[in-house]
Amino acid sequence: MPHDVLIIGGGFAGLTAGIALAESGKRVCLLEQKPYLGGRARSFRDPTTGSVVDNGQHLFMGCYHSTIRFLETIGTLDRIHFQSRLAVPFLDRGGRLTLLDCPDLPSPWHLLVGVLRSRSFSWKQKLEVLKLGRVLRGAGPGSATVGESVAAWLSRQGQSEGLQRNFWDLLCIAAMNEDPRRASAQLFERVLKLALFSSPADSRLGIARGGLSECYTDASAAFIESRDGLVQTGRNVKQLLIAEGVCRGVELASGERIEGFPVISAVPWHQLAALIPKDLLRAEPFFAGALALRPGPIISINLWFDAPITDLEFAGLRGSTIQWLFDKSRILGADDHCISLVLSGAHEHVGREKEQLLAVALRELGEMLPAVQEASLVHSLVIKERFATFSPSPEAEPLRPPARTPIRGLFLAGDWTATGLPATIEGAVQSGYTAAGEVLN
């Protein structure tokens, strides 16, 4: 039976597009190059310990409305545990622990009261947060301008260097995967409004209670296949079949041709160029912007100890190279004493040897958690994702393409397309729904 739509790429974007189209009665053929689904958001078993490891720790939020819809559709939303209210612990060097705990009040009071009650901020810093809160609620002037960086915008809003370093920078790097001096202030302002100033429910954090792949890959494939679709891994697409301005299918590296109309490309931006005929790539300015996007690397450092070192599930790390800590053993209910550390926007560190990164991580962790001095490291795994995301610089926003291309029958999906969000799971899922909607239209 012929298929109605071809999708290239089996990450969140491609699978979401497949789900939406299958739900609408379309027969989908989804092809993934790698031998597994999940793309840049997946999990696997560490061969030494047998532990489930994510290739990078991902957080969900209550404002991830498209992602929640996607997970509800495939029946796996219960695998994400959402907080009852926003609560974020912070660790400083010396082991000082503070907490931002937001009460169940209407927005924005839940956040503002949480900040006022927290020992994470001095009184001067609390007043600075309240000042920026007025801007984000639209009660004061000072919205971010075109071309402005997060750091420049925050300084213009009277946010002190200490508050930026120990609070706003952590949020920026977590949400944007980029240094605040490089990241787009307009995009960050939009993220803050959606995540922190919409509603208390939207502000909650969610963590997968299993490996990330278990949350969506198998269930997505089963959903598509139950509706006369096909999901295949290990299928390396060599190029798109484009002639006379129309895309009619793909050619695989094996030489096999699969014709389908239309085609959704859900591959990362840096892989798209290899699929498009070179003469078209040179002649069509539409693709030039996407190819000019720059990568944002993420480093994950996974550490296995012989004993527990913290009773926190996660924490923001202040004054350190590493930004976030996750106790995977507590999150997954395992007894392997595994800690996952995240270093986002890692331009300056991705070229360092893994031994150097491990030494930095252990030193900084020991300065924040005294139990590290008593425990022994039994195993480690450093994962470098050089192309984890695109870099959301001010210059990048106008380069991000829409789902519909000038090539009839060719559509784009991916967190790097024009979603209005940084490269997050929510952005990827939204792009999948958008591409599917364009196909159906």
# chains A, B, ... in the order shown; residues from 1 in each chain; ligands from 1
call {"tool": "residues_around", "arguments": {"residues": "stretch 267-270 of chain A", "least_positions_apart": "3", "cutoff": "12 Å", "atoms": "only C-alpha atoms", "output": "ChimeraX atom specification"}}
result
/A:7-15,30-34,38-40,236-237,263-264,273-276,287-296,386-391,399-401,411-418,423,428,431-432
call {"tool": "select_by_dssp", "arguments": {"residues": "stretch 82-244 of chain A", "states": "strand (DSSP E)", "output": "PyMOL selection string"}}
result
chain A and resi 82+87-92+97-101+205-208+230-232+237-243
call {"tool": "residues_around", "arguments": {"residues": "A:Leu241", "least_positions_apart": "6", "cutoff": "9 Å", "atoms": "only C-alpha atoms", "output": "ChimeraX atom specification"}}
result
/A:247-251,257,259,275-277
call {"tool": "write_last_selection", "arguments": {"atoms": "N, CA, C and O atoms", "output": "mmCIF file, in the first residue's frame"}}
result
data_model
loop_
_atom_site.group_PDB
_atom_site.id
_atom_site.type_symbol
_atom_site.label_atom_id
_atom_site.label_comp_id
_atom_site.auth_asym_id
_atom_site.auth_seq_id
_atom_site.Cartn_x
_atom_site.Cartn_y
_atom_site.Cartn_z
ATOM 1 N N CYS A 247 9.355 18.313 -5.014
ATOM 2 C CA CYS A 247 9.991 17.196 -4.316
ATOM 3 C C CYS A 247 9.036 16.014 -4.336
ATOM 4 O O CYS A 247 7.889 16.129 -3.893
ATOM 5 N N ARG A 248 9.529 14.864 -4.843
ATOM 6 C CA ARG A 248 8.647 13.712 -4.999
ATOM 7 C C ARG A 248 9.127 12.475 -4.246
ATOM 8 O O ARG A 248 8.556 11.402 -4.403
ATOM 9 N N GLY A 249 10.165 12.606 -3.457
ATOM 10 C CA GLY A 249 10.613 11.444 -2.720
ATOM 11 C C GLY A 249 12.063 11.559 -2.321
ATOM 12 O O GLY A 249 12.642 12.660 -2.319
ATOM 13 N N VAL A 250 12.673 10.425 -2.011
ATOM 14 C CA VAL A 250 14.058 10.409 -1.557
ATOM 15 C C VAL A 250 14.806 9.259 -2.210
ATOM 16 O O VAL A 250 14.217 8.264 -2.645
ATOM 17 N N GLU A 251 16.119 9.425 -2.273
ATOM 18 C CA GLU A 251 17.005 8.339 -2.685
ATOM 19 C C GLU A 251 17.863 7.945 -1.496
ATOM 20 O O GLU A 251 18.461 8.805 -0.842
ATOM 21 N N ARG A 257 15.093 4.068 -4.337
ATOM 22 C CA ARG A 257 14.283 5.279 -4.364
ATOM 23 C C ARG A 257 12.926 4.999 -3.727
ATOM 24 O O ARG A 257 12.313 3.969 -3.981
ATOM 25 N N GLU A 259 9.419 6.942 -3.468
ATOM 26 C CA GLU A 259 8.677 8.100 -3.941
ATOM 27 C C GLU A 259 7.462 8.328 -3.064
ATOM 28 O O GLU A 259 6.717 7.407 -2.753
ATOM 29 N N LEU A 275 21.251 16.857 1.682
ATOM 30 C CA LEU A 275 20.099 16.218 1.042
ATOM 31 C C LEU A 275 19.595 16.977 -0.175
ATOM 32 O O LEU A 275 18.853 16.424 -0.989
ATOM 33 N N ILE A 276 19.975 18.248 -0.304
ATOM 34 C CA ILE A 276 19.442 19.100 -1.366
ATOM 35 C C ILE A 276 20.436 19.161 -2.526
ATOM 36 O O ILE A 276 21.639 19.335 -2.299
ATOM 37 N N PRO A 277 19.980 19.002 -3.762
ATOM 38 C CA PRO A 277 20.900 19.117 -4.910
ATOM 39 C C PRO A 277 21.703 20.418 -4.856
ATOM 40 O O PRO A 277 21.157 21.476 -4.540
#
call {"tool": "residues_around", "arguments": {"residues": "stretch 159-175 of chain A", "least_positions_apart": "6", "cutoff": "7 Å", "atoms": "only C-alpha atoms", "output": "VMD selection string"}}
result
chain A and resid 125 128 188 318 to 319 323 344 to 345
call {"tool": "closest_residue", "arguments": {"among": "A:Ser203, A:Gln356, A:Asn55, A:Asn302", "to": "A:Ser107", "atoms": "only C-alpha atoms"}}
result
A:Ser203
call {"tool": "closest_residue", "arguments": {"among": "A:Gly158, A:Gly142, A:Gly229, A:Pro103", "to": "A:Lys124", "atoms": "only C-alpha atoms"}}
result
A:Gly158
call {"tool": "closest_residue", "arguments": {"among": "A:Leu194, A:Val429, A:Ile299, A:Ile68", "to": "A:Leu381", "atoms": "only C-alpha atoms"}}
result
A:Ile299
call {"tool": "closest_atom_pairs", "arguments": {"of": "stretch 354-393 of chain A", "to": "stretch 306-313 of chain A", "cutoff": "10 Å", "atoms": "only C-alpha atoms", "output": "JSON lines"}}
result
{"residue": "A:Leu365", "atom": "CA", "partner": "A:Ile309", "partner_atom": "CA", "distance": 9.6}
{"residue": "A:Gly366", "atom": "CA", "partner": "A:Ile309", "partner_atom": "CA", "distance": 9.6}
{"residue": "A:Leu369", "atom": "CA", "partner": "A:Ile309", "partner_atom": "CA", "distance": 6.9}
{"residue": "A:Pro370", "atom": "CA", "partner": "A:Ile309", "partner_atom": "CA", "distance": 7.9}
{"residue": "A:Ala371", "atom": "CA", "partner": "A:Ile309", "partner_atom": "CA", "distance": 4.9}
{"residue": "A:Val372", "atom": "CA", "partner": "A:Ile309", "partner_atom": "CA", "distance": 5.7}
{"residue": "A:Gln373", "atom": "CA", "partner": "A:Ile309", "partner_atom": "CA", "distance": 9.0}
{"residue": "A:Glu374", "atom": "CA", "partner": "A:Ile309", "partner_atom": "CA", "distance": 8.6}
{"residue": "A:Ala375", "atom": "CA", "partner": "A:Ala307", "partner_atom": "CA", "distance": 5.8}
{"residue": "A:Ser376", "atom": "CA", "partner": "A:Asp306", "partner_atom": "CA", "distance": 5.6}
{"residue": "A:Leu377", "atom": "CA", "partner": "A:Asp306", "partner_atom": "CA", "distance": 6.6}
{"residue": "A:Val378", "atom": "CA", "partner": "A:Asp306", "partner_atom": "CA", "distance": 6.4}
{"residue": "A:His379", "atom": "CA", "partner": "A:Asp306", "partner_atom": "CA", "distance": 9.4}
call {"tool": "residues_around", "arguments": {"residues": "A:Ala144", "least_positions_apart": "3", "cutoff": "8 Å", "atoms": "only C-alpha atoms", "output": "PyMOL selection string"}}
result
chain A and resi 148+153+185-186+189
call {"tool": "write_last_selection", "arguments": {"atoms": "C-alpha atoms", "output": "PDB file, in the first residue's frame"}}
result
ATOM      1  CA  GLU A 148      20.277  42.824  21.973  1.00  0.00           C
ATOM      2  CA  TRP A 153      19.229  43.548  28.309  1.00  0.00           C
ATOM      3  CA  ALA A 185      17.311  38.833  24.618  1.00  0.00           C
ATOM      4  CA  GLN A 186      14.050  38.907  22.657  1.00  0.00           C
ATOM      5  CA  GLU A 189      12.170  37.460  27.254  1.00  0.00           C
TER       6      GLU A 189
END
call {"tool": "residues_around", "arguments": {"residues": "stretch 182-184 of chain A", "least_positions_apart": "5", "cutoff": "7 Å", "atoms": "only C-alpha atoms", "output": "compact mmCIF listing (two decimals) with N, CA, C and O atoms, in the first residue's frame"}}
result
# COMPACT_ATOMS: atom_id res chain seq x y z
N GLU A 148 19.77 42.70 20.60
CA GLU A 148 20.28 42.82 21.97
C GLU A 148 20.54 41.45 22.58
O GLU A 148 19.76 40.51 22.40
N SER A 149 21.64 41.33 23.31
CA SER A 149 21.95 40.08 24.00
C SER A 149 21.25 40.03 25.35
O SER A 149 20.82 41.06 25.89
N VAL A 150 21.14 38.84 25.90
CA VAL A 150 20.52 38.68 27.22
C VAL A 150 21.28 39.49 28.27
O VAL A 150 20.68 40.18 29.09
N PRO A 392 21.16 30.31 19.71
CA PRO A 392 20.09 31.30 19.55
C PRO A 392 20.57 32.74 19.72
O PRO A 392 20.12 33.48 20.58
N SER A 393 21.50 33.12 18.89
CA SER A 393 22.02 34.49 18.93
C SER A 393 21.00 35.44 18.33
O SER A 393 20.07 35.01 17.63
N PRO A 394 21.12 36.74 18.57
CA PRO A 394 20.19 37.70 17.94
C PRO A 394 20.19 37.59 16.42
O PRO A 394 19.17 37.79 15.78
call {"tool": "residues_around", "arguments": {"residues": "A:Leu280", "least_positions_apart": "4", "cutoff": "10 Å", "atoms": "only C-alpha atoms", "output": "PyMOL selection string"}}
result
chain A and resi 242-243+245+276+284-285+287+407
call {"tool": "select_by_dssp", "arguments": {"residues": "stretch 295-394 of chain A", "states": "helix (DSSP H, G or I)", "output": "PyMOL selection string"}}
result
chain A and resi 328-332+354-368+371-374
call {"tool": "atom_distance", "arguments": {"atom1": "atom CA of A:Lys354", "atom2": "atom CA of A:Ser340"}}
result
14.7 Å
call {"tool": "closest_residue", "arguments": {"among": "A:Gln232, A:Ser198, A:Ser300, A:Ser320", "to": "A:Val350", "atoms": "only C-alpha atoms"}}
result
A:Ser300
